[in-house]
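Student: To start, I am sharing the structure in question, which I have written as structure tokens.
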Number of protein chains: 2
Amino acid sequence: MGKGRNRISNRIREHRFHAGGMTQAELAETVGVTRQTVIAMEQGRYSPSLEVAFRTARAFGAPLTEVFFYDEDENG
Amino acid sequence: MGKGRNRISNRIREHRFHAGGMTQAELAETVGVTRQTVIAMEQGRYSPSLEVAFRTARAFGAPLTEVFFYDEDENG
DNA sequence: CTCCAATGTCATAAAAACTAGACATGATGT
DNA sequence: ACATCATGTCTAGTTTTTATGACATTGGAG
């Protein structure tokens, strides 16, 4: 969907560090995606599929809504 | 992604009816997607993007995790 | 019965997510 | 200096999501 910038933000990085310094590669394997996907996701370059989002949150033992956020502003 | 069946389930239909009989077409316009997307999503034929999932939940005034569910069984 | 709204299907095509591999850089360690 | 790990970039390709439009079915209302 992406006309302009992404309305989705996340705290993947914080969760990785909080999880004892889990690397992007480790997270990727746990989630079942490639390292590239983790990097792009973490940088907010695109919003992942709901399934990947759920598995990512689950990798941290956190609910999805504590890892991903919908920034609502303007036209909504 | 998507080898076997979908691990994502949802209660979109229940929320639609609970929201005073909101139609699929109305939901589609509120969310900003087409009617087809709502139908496929509601039937669980695929897991939507996180952004669409957030907007869908928001259309019901409910948190994402009350509309979409990650069914974890086997090889998680 | 006829009209219409709501749901659903099918096919085609564009856009976005995701994969795979090569390569660059900064930090850390030997 | 050399090796290694973690991060990040780039290009190119596959898969999935999403759009568009045409059409079938069901149920209710006039």
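In the structure tokens, chains take the letters A, B, ... in the order shown, each chain's residues start at 1, and ligands count up from 1 in the order shown.
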Could you give me, as a compact mmCIF listing (two decimals) with C-alpha atoms, in the first residue's frame, the residues within 8 Å of region 59-64 of chain A, counting only C-alpha atoms (C1' of nucleotides) and dropping anything in the same chain fewer than 3 positions from it?
Tutor:
# COMPACT_ATOMS: atom_id res chain seq x y z
CA HIS A 15 13.15 -6.03 21.74
CA ARG A 16 16.20 -7.67 20.19
CA ALA A 19 16.21 -10.31 24.50
CA LEU A 27 15.64 -13.37 14.72
CA THR A 30 13.36 -17.88 14.50
CA VAL A 31 10.71 -16.04 12.55
CA ALA A 53 4.35 -9.72 12.35
CA PHE A 54 2.72 -12.27 14.65
CA ARG A 55 5.71 -14.59 14.47
CA THR A 56 8.11 -11.69 15.11
CA VAL A 67 6.16 -4.58 18.92
CA PHE A 68 4.29 -2.90 16.07
CA THR B 65 -5.42 -8.61 18.66
Student: List the spatial neighbours of DT11 (chain D) as a PDB file with all heavy atoms, in the first residue's frame - criterion: any atom at most 12 Å away, only C-alpha atoms (C1' of nucleotides), same-chain residues fewer than 3 positions off excluded.
Tutor:
ATOM      1  P    DA C  20      15.603 -18.260   0.023  1.00  0.00           P
ATOM      2  OP1  DA C  20      15.340 -19.668  -0.310  1.00  0.00           O
ATOM      3  OP2  DA C  20      15.947 -17.879   1.401  1.00  0.00           O
ATOM      4  O5'  DA C  20      16.738 -17.697  -0.943  1.00  0.00           O
ATOM      5  C5'  DA C  20      16.498 -17.620  -2.333  1.00  0.00           C
ATOM      6  C4'  DA C  20      17.751 -17.143  -3.047  1.00  0.00           C
ATOM      7  O4'  DA C  20      17.694 -15.697  -3.186  1.00  0.00           O
ATOM      8  C3'  DA C  20      19.055 -17.464  -2.316  1.00  0.00           C
ATOM      9  O3'  DA C  20      20.006 -17.957  -3.237  1.00  0.00           O
ATOM     10  C2'  DA C  20      19.479 -16.135  -1.729  1.00  0.00           C
ATOM     11  C1'  DA C  20      18.906 -15.147  -2.741  1.00  0.00           C
ATOM     12  N9   DA C  20      18.607 -13.846  -2.183  1.00  0.00           N
ATOM     13  C8   DA C  20      18.200 -13.561  -0.909  1.00  0.00           C
ATOM     14  N7   DA C  20      18.001 -12.281  -0.690  1.00  0.00           N
ATOM     15  C5   DA C  20      18.294 -11.680  -1.903  1.00  0.00           C
ATOM     16  C6   DA C  20      18.286 -10.342  -2.331  1.00  0.00           C
ATOM     17  N6   DA C  20      17.954  -9.332  -1.533  1.00  0.00           N
ATOM     18  N1   DA C  20      18.639 -10.088  -3.612  1.00  0.00           N
ATOM     19  C2   DA C  20      18.971 -11.122  -4.395  1.00  0.00           C
ATOM     20  N3   DA C  20      19.013 -12.420  -4.114  1.00  0.00           N
ATOM     21  C4   DA C  20      18.665 -12.630  -2.838  1.00  0.00           C
ATOM     22  P    DG C  21      21.406 -18.556  -2.712  1.00  0.00           P
ATOM     23  OP1  DG C  21      21.700 -19.754  -3.522  1.00  0.00           O
ATOM     24  OP2  DG C  21      21.377 -18.647  -1.241  1.00  0.00           O
ATOM     25  O5'  DG C  21      22.430 -17.403  -3.136  1.00  0.00           O
ATOM     26  C5'  DG C  21      22.413 -16.920  -4.463  1.00  0.00           C
ATOM     27  C4'  DG C  21      23.279 -15.682  -4.576  1.00  0.00           C
ATOM     28  O4'  DG C  21      22.566 -14.538  -4.055  1.00  0.00           O
ATOM     29  C3'  DG C  21      24.612 -15.748  -3.800  1.00  0.00           C
ATOM     30  O3'  DG C  21      25.647 -15.274  -4.622  1.00  0.00           O
ATOM     31  C2'  DG C  21      24.352 -14.831  -2.627  1.00  0.00           C
ATOM     32  C1'  DG C  21      23.475 -13.782  -3.305  1.00  0.00           C
ATOM     33  N9   DG C  21      22.747 -12.900  -2.402  1.00  0.00           N
ATOM     34  C8   DG C  21      22.192 -13.217  -1.193  1.00  0.00           C
ATOM     35  N7   DG C  21      21.621 -12.195  -0.609  1.00  0.00           N
ATOM     36  C5   DG C  21      21.816 -11.144  -1.485  1.00  0.00           C
ATOM     37  C6   DG C  21      21.424  -9.782  -1.397  1.00  0.00           C
ATOM     38  O6   DG C  21      20.817  -9.226  -0.489  1.00  0.00           O
ATOM     39  N1   DG C  21      21.826  -9.058  -2.512  1.00  0.00           N
ATOM     40  C2   DG C  21      22.507  -9.564  -3.572  1.00  0.00           C
ATOM     41  N2   DG C  21      22.808  -8.726  -4.545  1.00  0.00           N
ATOM     42  N3   DG C  21      22.873 -10.834  -3.673  1.00  0.00           N
ATOM     43  C4   DG C  21      22.502 -11.556  -2.596  1.00  0.00           C
ATOM     44  P    DA C  22      27.203 -15.526  -4.199  1.00  0.00           P
ATOM     45  OP1  DA C  22      27.726 -16.692  -4.938  1.00  0.00           O
ATOM     46  OP2  DA C  22      27.261 -15.514  -2.717  1.00  0.00           O
ATOM     47  O5'  DA C  22      27.908 -14.217  -4.728  1.00  0.00           O
ATOM     48  C5'  DA C  22      27.318 -13.462  -5.791  1.00  0.00           C
ATOM     49  C4'  DA C  22      27.581 -11.979  -5.556  1.00  0.00           C
ATOM     50  O4'  DA C  22      26.580 -11.462  -4.666  1.00  0.00           O
ATOM     51  C3'  DA C  22      28.939 -11.692  -4.900  1.00  0.00           C
ATOM     52  O3'  DA C  22      29.647 -10.717  -5.656  1.00  0.00           O
ATOM     53  C2'  DA C  22      28.587 -11.198  -3.518  1.00  0.00           C
ATOM     54  C1'  DA C  22      27.213 -10.594  -3.748  1.00  0.00           C
ATOM     55  N9   DA C  22      26.401 -10.535  -2.535  1.00  0.00           N
ATOM     56  C8   DA C  22      26.126 -11.548  -1.668  1.00  0.00           C
ATOM     57  N7   DA C  22      25.371 -11.186  -0.647  1.00  0.00           N
ATOM     58  C5   DA C  22      25.146  -9.836  -0.868  1.00  0.00           C
ATOM     59  C6   DA C  22      24.417  -8.872  -0.149  1.00  0.00           C
ATOM     60  N6   DA C  22      23.771  -9.144   0.988  1.00  0.00           N
ATOM     61  N1   DA C  22      24.384  -7.619  -0.631  1.00  0.00           N
ATOM     62  C2   DA C  22      25.037  -7.367  -1.765  1.00  0.00           C
ATOM     63  N3   DA C  22      25.753  -8.188  -2.546  1.00  0.00           N
ATOM     64  C4   DA C  22      25.766  -9.424  -2.027  1.00  0.00           C
ATOM     65  P    DC C  23      31.216 -10.385  -5.339  1.00  0.00           P
ATOM     66  OP1  DC C  23      31.840 -10.030  -6.620  1.00  0.00           O
ATOM     67  OP2  DC C  23      31.754 -11.478  -4.502  1.00  0.00           O
ATOM     68  O5'  DC C  23      31.124  -9.067  -4.445  1.00  0.00           O
ATOM     69  C5'  DC C  23      30.385  -7.949  -4.924  1.00  0.00           C
ATOM     70  C4'  DC C  23      30.145  -6.953  -3.804  1.00  0.00           C
ATOM     71  O4'  DC C  23      29.189  -7.505  -2.883  1.00  0.00           O
ATOM     72  C3'  DC C  23      31.396  -6.622  -2.981  1.00  0.00           C
ATOM     73  O3'  DC C  23      31.665  -5.236  -3.086  1.00  0.00           O
ATOM     74  C2'  DC C  23      31.012  -6.996  -1.549  1.00  0.00           C
ATOM     75  C1'  DC C  23      29.494  -6.977  -1.613  1.00  0.00           C
ATOM     76  N1   DC C  23      28.835  -7.813  -0.575  1.00  0.00           N
ATOM     77  C2   DC C  23      27.965  -7.200   0.340  1.00  0.00           C
ATOM     78  O2   DC C  23      27.762  -5.992   0.248  1.00  0.00           O
ATOM     79  N3   DC C  23      27.361  -7.945   1.282  1.00  0.00           N
ATOM     80  C4   DC C  23      27.594  -9.270   1.343  1.00  0.00           C
ATOM     81  N4   DC C  23      26.977  -9.963   2.291  1.00  0.00           N
ATOM     82  C5   DC C  23      28.481  -9.910   0.426  1.00  0.00           C
ATOM     83  C6   DC C  23      29.069  -9.154  -0.508  1.00  0.00           C
TER      84       DC C  23
END
Student: Which neighbours of DA6 (chain C) fall inside 10 Å, counting only C-alpha atoms (C1' of nucleotides), when residues of the same chain fewer than 3 positions from it are skipped, and could you give them as JSON, numbers by chain?
Tutor: {"B": [23, 24, 25], "D": [26, 27]}
Student: If we count only C-alpha atoms, which residues of chain A reach to within 7 Å of chain B? Please list them as a PyMOL selection string.
Tutor: chain A and resi 8+47-51+54+70
Student: With all heavy atoms retained, export the selected residues as a PDB file, in the first residue's frame.
Tutor:
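Listing of part-v1.pdb after writing:
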ATOM      1  N   ILE A   8       3.431   2.506   9.836  1.00  0.00           N
ATOM      2  CA  ILE A   8       3.751   1.457  10.795  1.00  0.00           C
ATOM      3  C   ILE A   8       5.141   1.708  11.378  1.00  0.00           C
ATOM      4  O   ILE A   8       6.093   1.913  10.643  1.00  0.00           O
ATOM      5  CB  ILE A   8       3.751   0.079  10.120  1.00  0.00           C
ATOM      6  CG1 ILE A   8       2.401  -0.184   9.429  1.00  0.00           C
ATOM      7  CG2 ILE A   8       4.077  -1.002  11.120  1.00  0.00           C
ATOM      8  CD1 ILE A   8       1.308  -0.577  10.334  1.00  0.00           C
ATOM      9  N   SER A  47       5.637  -2.621   5.590  1.00  0.00           N
ATOM     10  CA  SER A  47       4.910  -3.282   6.671  1.00  0.00           C
ATOM     11  C   SER A  47       4.764  -4.748   6.328  1.00  0.00           C
ATOM     12  O   SER A  47       4.242  -5.104   5.279  1.00  0.00           O
ATOM     13  CB  SER A  47       3.546  -2.632   6.888  1.00  0.00           C
ATOM     14  OG  SER A  47       2.718  -2.823   5.771  1.00  0.00           O
ATOM     15  N   PRO A  48       5.213  -5.602   7.204  1.00  0.00           N
ATOM     16  CA  PRO A  48       5.223  -7.037   6.924  1.00  0.00           C
ATOM     17  C   PRO A  48       3.813  -7.604   6.833  1.00  0.00           C
ATOM     18  O   PRO A  48       2.846  -6.925   7.131  1.00  0.00           O
ATOM     19  CB  PRO A  48       5.951  -7.614   8.136  1.00  0.00           C
ATOM     20  CG  PRO A  48       5.694  -6.647   9.219  1.00  0.00           C
ATOM     21  CD  PRO A  48       5.664  -5.317   8.567  1.00  0.00           C
ATOM     22  N   SER A  49       3.732  -8.836   6.416  1.00  0.00           N
ATOM     23  CA  SER A  49       2.436  -9.506   6.442  1.00  0.00           C
ATOM     24  C   SER A  49       2.058  -9.742   7.898  1.00  0.00           C
ATOM     25  O   SER A  49       2.912  -9.783   8.776  1.00  0.00           O
ATOM     26  CB  SER A  49       2.515 -10.835   5.698  1.00  0.00           C
ATOM     27  OG  SER A  49       3.300 -11.761   6.427  1.00  0.00           O
ATOM     28  N   LEU A  50       0.776  -9.890   8.136  1.00  0.00           N
ATOM     29  CA  LEU A  50       0.302 -10.086   9.510  1.00  0.00           C
ATOM     30  C   LEU A  50       0.924 -11.330  10.118  1.00  0.00           C
ATOM     31  O   LEU A  50       1.254 -11.353  11.305  1.00  0.00           O
ATOM     32  CB  LEU A  50      -1.222 -10.203   9.492  1.00  0.00           C
ATOM     33  CG  LEU A  50      -1.920 -10.218  10.834  1.00  0.00           C
ATOM     34  CD1 LEU A  50      -1.518  -9.033  11.681  1.00  0.00           C
ATOM     35  CD2 LEU A  50      -3.428 -10.252  10.635  1.00  0.00           C
ATOM     36  N   GLU A  51       1.119 -12.346   9.295  1.00  0.00           N
ATOM     37  CA  GLU A  51       1.693 -13.589   9.792  1.00  0.00           C
ATOM     38  C   GLU A  51       3.129 -13.387  10.272  1.00  0.00           C
ATOM     39  O   GLU A  51       3.482 -13.810  11.370  1.00  0.00           O
ATOM     40  CB  GLU A  51       1.642 -14.649   8.678  1.00  0.00           C
ATOM     41  CG  GLU A  51       2.047 -16.016   9.166  1.00  0.00           C
ATOM     42  CD  GLU A  51       1.608 -17.109   8.214  1.00  0.00           C
ATOM     43  OE1 GLU A  51       0.886 -16.809   7.240  1.00  0.00           O
ATOM     44  OE2 GLU A  51       1.994 -18.267   8.452  1.00  0.00           O
ATOM     45  N   PHE A  54       3.081 -11.430  13.500  1.00  0.00           N
ATOM     46  CA  PHE A  54       2.721 -12.266  14.651  1.00  0.00           C
ATOM     47  C   PHE A  54       3.908 -13.121  15.095  1.00  0.00           C
ATOM     48  O   PHE A  54       4.203 -13.216  16.284  1.00  0.00           O
ATOM     49  CB  PHE A  54       1.540 -13.182  14.300  1.00  0.00           C
ATOM     50  CG  PHE A  54       0.201 -12.630  14.706  1.00  0.00           C
ATOM     51  CD1 PHE A  54      -0.797 -12.414  13.755  1.00  0.00           C
ATOM     52  CD2 PHE A  54      -0.081 -12.347  16.030  1.00  0.00           C
ATOM     53  CE1 PHE A  54      -2.042 -11.909  14.121  1.00  0.00           C
ATOM     54  CE2 PHE A  54      -1.317 -11.845  16.404  1.00  0.00           C
ATOM     55  CZ  PHE A  54      -2.293 -11.624  15.449  1.00  0.00           C
ATOM     56  N   TYR A  70       0.669   1.411  14.963  1.00  0.00           N
ATOM     57  CA  TYR A  70       0.049   2.128  13.863  1.00  0.00           C
ATOM     58  C   TYR A  70      -0.002   3.602  14.212  1.00  0.00           C
ATOM     59  O   TYR A  70      -0.744   4.012  15.092  1.00  0.00           O
ATOM     60  CB  TYR A  70      -1.362   1.579  13.616  1.00  0.00           C
ATOM     61  CG  TYR A  70      -2.060   2.218  12.450  1.00  0.00           C
ATOM     62  CD1 TYR A  70      -1.598   2.020  11.155  1.00  0.00           C
ATOM     63  CD2 TYR A  70      -3.187   3.006  12.628  1.00  0.00           C
ATOM     64  CE1 TYR A  70      -2.231   2.583  10.075  1.00  0.00           C
ATOM     65  CE2 TYR A  70      -3.835   3.582  11.555  1.00  0.00           C
ATOM     66  CZ  TYR A  70      -3.346   3.377  10.283  1.00  0.00           C
ATOM     67  OH  TYR A  70      -3.976   3.944   9.213  1.00  0.00           O
TER      68      TYR A  70
END
Student: Quick one: which residues from chain D are at most 7 Å off chain B, using only C-alpha atoms (C1' of nucleotides), as a list in words?
Tutor: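 Using only C-alpha atoms (C1' of nucleotides), chain D residues at most 7 Å from chain B: DT17, DT18 and DA19 of chain D.
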Student: Keeping only N, CA and C atoms (P, O5', C5', C4', C3', O3' and C1' of nucleotides), write the selected residues to a file as a compact mmCIF listing (two decimals), in the first residue's frame.
Tutor:
# COMPACT_ATOMS: atom_id res chain seq x y z
P DT D 17 -1.04 -13.67 1.10
O5' DT D 17 -1.38 -12.12 0.87
C5' DT D 17 -0.43 -11.17 1.30
C4' DT D 17 -0.62 -9.85 0.57
C3' DT D 17 -2.01 -9.23 0.69
O3' DT D 17 -1.84 -7.86 0.98
C1' DT D 17 -1.38 -9.30 -1.56
P DT D 18 -3.19 -7.04 1.56
O5' DT D 18 -3.78 -6.44 0.22
C5' DT D 18 -3.10 -5.32 -0.39
C4' DT D 18 -3.70 -5.00 -1.72
C3' DT D 18 -5.23 -4.79 -1.72
O3' DT D 18 -5.50 -3.41 -1.92
C1' DT D 18 -4.45 -5.99 -3.63
P DA D 19 -6.93 -2.94 -2.47
O5' DA D 19 -6.76 -3.04 -4.06
C5' DA D 19 -5.73 -2.31 -4.69
C4' DA D 19 -6.03 -2.15 -6.17
C3' DA D 19 -7.44 -1.66 -6.51
O3' DA D 19 -7.37 -0.76 -7.62
C1' DA D 19 -7.07 -3.78 -7.50
Student: With only C-alpha atoms (C1' of nucleotides) as the counted atoms, please give the residues lying no more than 12 Å from DC2 (chain D), apart from itself and same-chain residues fewer than 2 positions off, as a PyMOL selection string.
Tutor: (chain C and resi 29-30) or (chain D and resi 4)
Student: Create the file for the chosen residues now, containing N, CA, C and O atoms (P, O5', C5', C4', C3', O3' and C1' of nucleotides) and written as a short mmCIF file (atom, residue, chain, number, x, y, z; two decimals), in the first residue's frame.
Tutor:
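Done, and the output landed in again.cif:
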data_model
loop_
_atom_site.label_atom_id
_atom_site.label_comp_id
_atom_site.auth_asym_id
_atom_site.auth_seq_id
_atom_site.Cartn_x
_atom_site.Cartn_y
_atom_site.Cartn_z
P DG C 29 36.15 -7.86 22.13
"O5'" DG C 29 37.05 -9.00 21.45
"C5'" DG C 29 36.41 -10.01 20.65
"C4'" DG C 29 37.45 -10.92 20.03
"C3'" DG C 29 38.65 -11.21 20.92
"O3'" DG C 29 39.05 -12.56 20.75
"C1'" DG C 29 39.38 -10.24 18.91
P DT C 30 40.05 -13.24 21.79
"O5'" DT C 30 41.26 -13.73 20.86
"C5'" DT C 30 40.97 -14.43 19.66
"C4'" DT C 30 42.22 -14.52 18.80
"C3'" DT C 30 43.50 -14.70 19.62
"O3'" DT C 30 44.20 -15.84 19.18
"C1'" DT C 30 43.73 -12.93 18.04
P DT D 4 37.93 -16.59 9.53
"O5'" DT D 4 36.87 -15.84 10.46
"C5'" DT D 4 37.16 -15.66 11.85
"C4'" DT D 4 36.05 -14.84 12.51
"C3'" DT D 4 34.65 -15.04 11.90
"O3'" DT D 4 33.71 -15.18 12.94
"C1'" DT D 4 35.15 -12.76 12.00
#
Student: Near chain B, which residues of chain C fall within 10 Å when you count only C-alpha atoms (C1' of nucleotides), and what do they look like as JSON, numbers by chain?
Tutor: {"C": [6, 7, 8, 16, 17, 18]}
Student: Could the residues in this selection be written to a file with C-alpha atoms (C1' of nucleotides), as a PDB file, in the first residue's frame?
Tutor:
ATOM      1  C1'  DA C   6     -25.275  -8.144   0.004  1.00  0.00           C
ATOM      2  C1'  DT C   7     -22.340 -11.810  -0.716  1.00  0.00           C
ATOM      3  C1'  DG C   8     -19.362 -14.515  -3.407  1.00  0.00           C
ATOM      4  C1'  DA C  16       4.209  -4.778  -2.419  1.00  0.00           C
ATOM      5  C1'  DA C  17       6.399  -8.382   0.358  1.00  0.00           C
ATOM      6  C1'  DC C  18       9.958 -11.646   0.465  1.00  0.00           C
TER       7       DC C  18
END
Student: As a PyMOL selection string, list the residues of chain A assigned to helix (DSSP H, G or I) by DSSP on the backbone atoms of this structure.
Tutor: chain A and resi 12-18+24-31+35-42+50-59+64-66
Student: Write out, as a short mmCIF file (atom, residue, chain, number, x, y, z; two decimals), in the first residue's frame, the residues just selected, with N, CA, C and O atoms.
Tutor:
data_model
loop_
_atom_site.label_atom_id
_atom_site.label_comp_id
_atom_site.auth_asym_id
_atom_site.auth_seq_id
_atom_site.Cartn_x
_atom_site.Cartn_y
_atom_site.Cartn_z
N ILE A 12 11.33 -3.41 17.15
CA ILE A 12 12.04 -4.67 16.97
C ILE A 12 13.45 -4.58 17.57
O ILE A 12 13.86 -5.45 18.33
N ARG A 13 14.13 -3.49 17.23
CA ARG A 13 15.50 -3.34 17.71
C ARG A 13 15.57 -3.38 19.23
O ARG A 13 16.38 -4.10 19.80
N GLU A 14 14.69 -2.61 19.86
CA GLU A 14 14.67 -2.60 21.32
C GLU A 14 14.41 -4.00 21.87
O GLU A 14 15.07 -4.44 22.82
N HIS A 15 13.47 -4.69 21.28
CA HIS A 15 13.15 -6.03 21.74
C HIS A 15 14.32 -6.99 21.53
O HIS A 15 14.57 -7.86 22.36
N ARG A 16 15.04 -6.80 20.42
CA ARG A 16 16.20 -7.67 20.19
C ARG A 16 17.23 -7.50 21.28
O ARG A 16 17.73 -8.48 21.84
N PHE A 17 17.53 -6.26 21.60
CA PHE A 17 18.54 -6.00 22.62
C PHE A 17 18.04 -6.45 23.99
O PHE A 17 18.78 -7.03 24.76
N HIS A 18 16.77 -6.22 24.21
CA HIS A 18 16.19 -6.64 25.48
C HIS A 18 16.21 -8.15 25.62
O HIS A 18 16.25 -8.70 26.72
N GLN A 24 20.08 -9.97 14.24
CA GLN A 24 19.09 -9.97 13.17
C GLN A 24 19.01 -11.34 12.51
O GLN A 24 17.93 -11.81 12.15
N ALA A 25 20.16 -11.96 12.36
CA ALA A 25 20.21 -13.29 11.73
C ALA A 25 19.45 -14.32 12.57
O ALA A 25 18.71 -15.15 12.04
N GLU A 26 19.64 -14.22 13.89
CA GLU A 26 18.94 -15.16 14.78
C GLU A 26 17.43 -14.94 14.73
O GLU A 26 16.66 -15.89 14.62
N LEU A 27 17.06 -13.69 14.78
CA LEU A 27 15.64 -13.37 14.72
C LEU A 27 15.04 -13.87 13.41
O LEU A 27 13.97 -14.46 13.38
N ALA A 28 15.78 -13.64 12.33
CA ALA A 28 15.31 -14.08 11.01
C ALA A 28 15.02 -15.58 11.00
O ALA A 28 13.97 -16.01 10.51
N GLU A 29 15.94 -16.35 11.58
CA GLU A 29 15.75 -17.79 11.55
C GLU A 29 14.58 -18.20 12.44
O GLU A 29 13.79 -19.07 12.08
N THR A 30 14.47 -17.57 13.59
CA THR A 30 13.36 -17.88 14.50
C THR A 30 12.02 -17.59 13.84
O THR A 30 11.08 -18.36 13.93
N VAL A 31 11.96 -16.45 13.19
CA VAL A 31 10.71 -16.04 12.55
C VAL A 31 10.43 -16.86 11.30
O VAL A 31 9.29 -17.12 10.95
N ARG A 35 17.33 -12.67 6.51
CA ARG A 35 17.92 -11.57 7.24
C ARG A 35 17.51 -10.24 6.61
O ARG A 35 17.26 -9.26 7.30
N GLN A 36 17.41 -10.24 5.29
CA GLN A 36 17.01 -9.03 4.57
C GLN A 36 15.65 -8.55 5.02
O GLN A 36 15.42 -7.35 5.18
N THR A 37 14.76 -9.49 5.18
CA THR A 37 13.40 -9.15 5.59
C THR A 37 13.40 -8.52 6.97
O THR A 37 12.71 -7.53 7.21
N VAL A 38 14.20 -9.09 7.87
CA VAL A 38 14.29 -8.53 9.22
C VAL A 38 14.83 -7.11 9.18
O VAL A 38 14.29 -6.20 9.81
N ILE A 39 15.89 -6.90 8.38
CA ILE A 39 16.49 -5.57 8.28
C ILE A 39 15.47 -4.56 7.76
O ILE A 39 15.26 -3.50 8.37
N ALA A 40 14.83 -4.90 6.65
CA ALA A 40 13.85 -3.99 6.05
C ALA A 40 12.68 -3.71 6.99
O ALA A 40 12.20 -2.59 7.11
N MET A 41 12.25 -4.74 7.69
CA MET A 41 11.14 -4.63 8.63
C MET A 41 11.54 -3.70 9.77
O MET A 41 10.81 -2.79 10.13
N GLU A 42 12.73 -3.96 10.32
CA GLU A 42 13.24 -3.18 11.44
C GLU A 42 13.40 -1.71 11.07
O GLU A 42 13.15 -0.83 11.87
N LEU A 50 0.78 -9.89 8.14
CA LEU A 50 0.30 -10.09 9.51
C LEU A 50 0.92 -11.33 10.12
O LEU A 50 1.25 -11.35 11.31
N GLU A 51 1.12 -12.35 9.30
CA GLU A 51 1.69 -13.59 9.79
C GLU A 51 3.13 -13.39 10.27
O GLU A 51 3.48 -13.81 11.37
N VAL A 52 3.92 -12.71 9.48
CA VAL A 52 5.31 -12.44 9.88
C VAL A 52 5.34 -11.55 11.12
O VAL A 52 6.16 -11.75 12.01
N ALA A 53 4.42 -10.60 11.18
CA ALA A 53 4.35 -9.72 12.35
C ALA A 53 4.03 -10.52 13.61
O ALA A 53 4.66 -10.32 14.66
N PHE A 54 3.08 -11.43 13.50
CA PHE A 54 2.72 -12.27 14.65
C PHE A 54 3.91 -13.12 15.09
O PHE A 54 4.20 -13.22 16.28
N ARG A 55 4.58 -13.71 14.12
CA ARG A 55 5.71 -14.59 14.47
C ARG A 55 6.87 -13.79 15.06
O ARG A 55 7.58 -14.26 15.95
N THR A 56 7.05 -12.56 14.57
CA THR A 56 8.11 -11.69 15.11
C THR A 56 7.83 -11.37 16.57
O THR A 56 8.70 -11.50 17.44
N ALA A 57 6.60 -10.94 16.83
CA ALA A 57 6.22 -10.62 18.21
C ALA A 57 6.39 -11.84 19.10
O ALA A 57 6.89 -11.75 20.22
N ARG A 58 6.00 -12.98 18.55
CA ARG A 58 6.07 -14.22 19.31
C ARG A 58 7.52 -14.60 19.64
O ARG A 58 7.80 -15.20 20.67
N ALA A 59 8.43 -14.24 18.75
CA ALA A 59 9.85 -14.52 18.98
C ALA A 59 10.35 -13.79 20.22
O ALA A 59 11.32 -14.20 20.83
N LEU A 64 1.70 -8.70 19.74
CA LEU A 64 1.99 -7.94 18.52
C LEU A 64 1.93 -6.44 18.75
O LEU A 64 2.78 -5.70 18.26
N THR A 65 0.95 -6.01 19.52
CA THR A 65 0.74 -4.58 19.72
C THR A 65 1.81 -3.92 20.60
O THR A 65 1.78 -2.71 20.79
N GLU A 66 2.74 -4.72 21.12
CA GLU A 66 3.85 -4.13 21.87
C GLU A 66 5.11 -4.04 21.02
O GLU A 66 6.12 -3.53 21.44
#
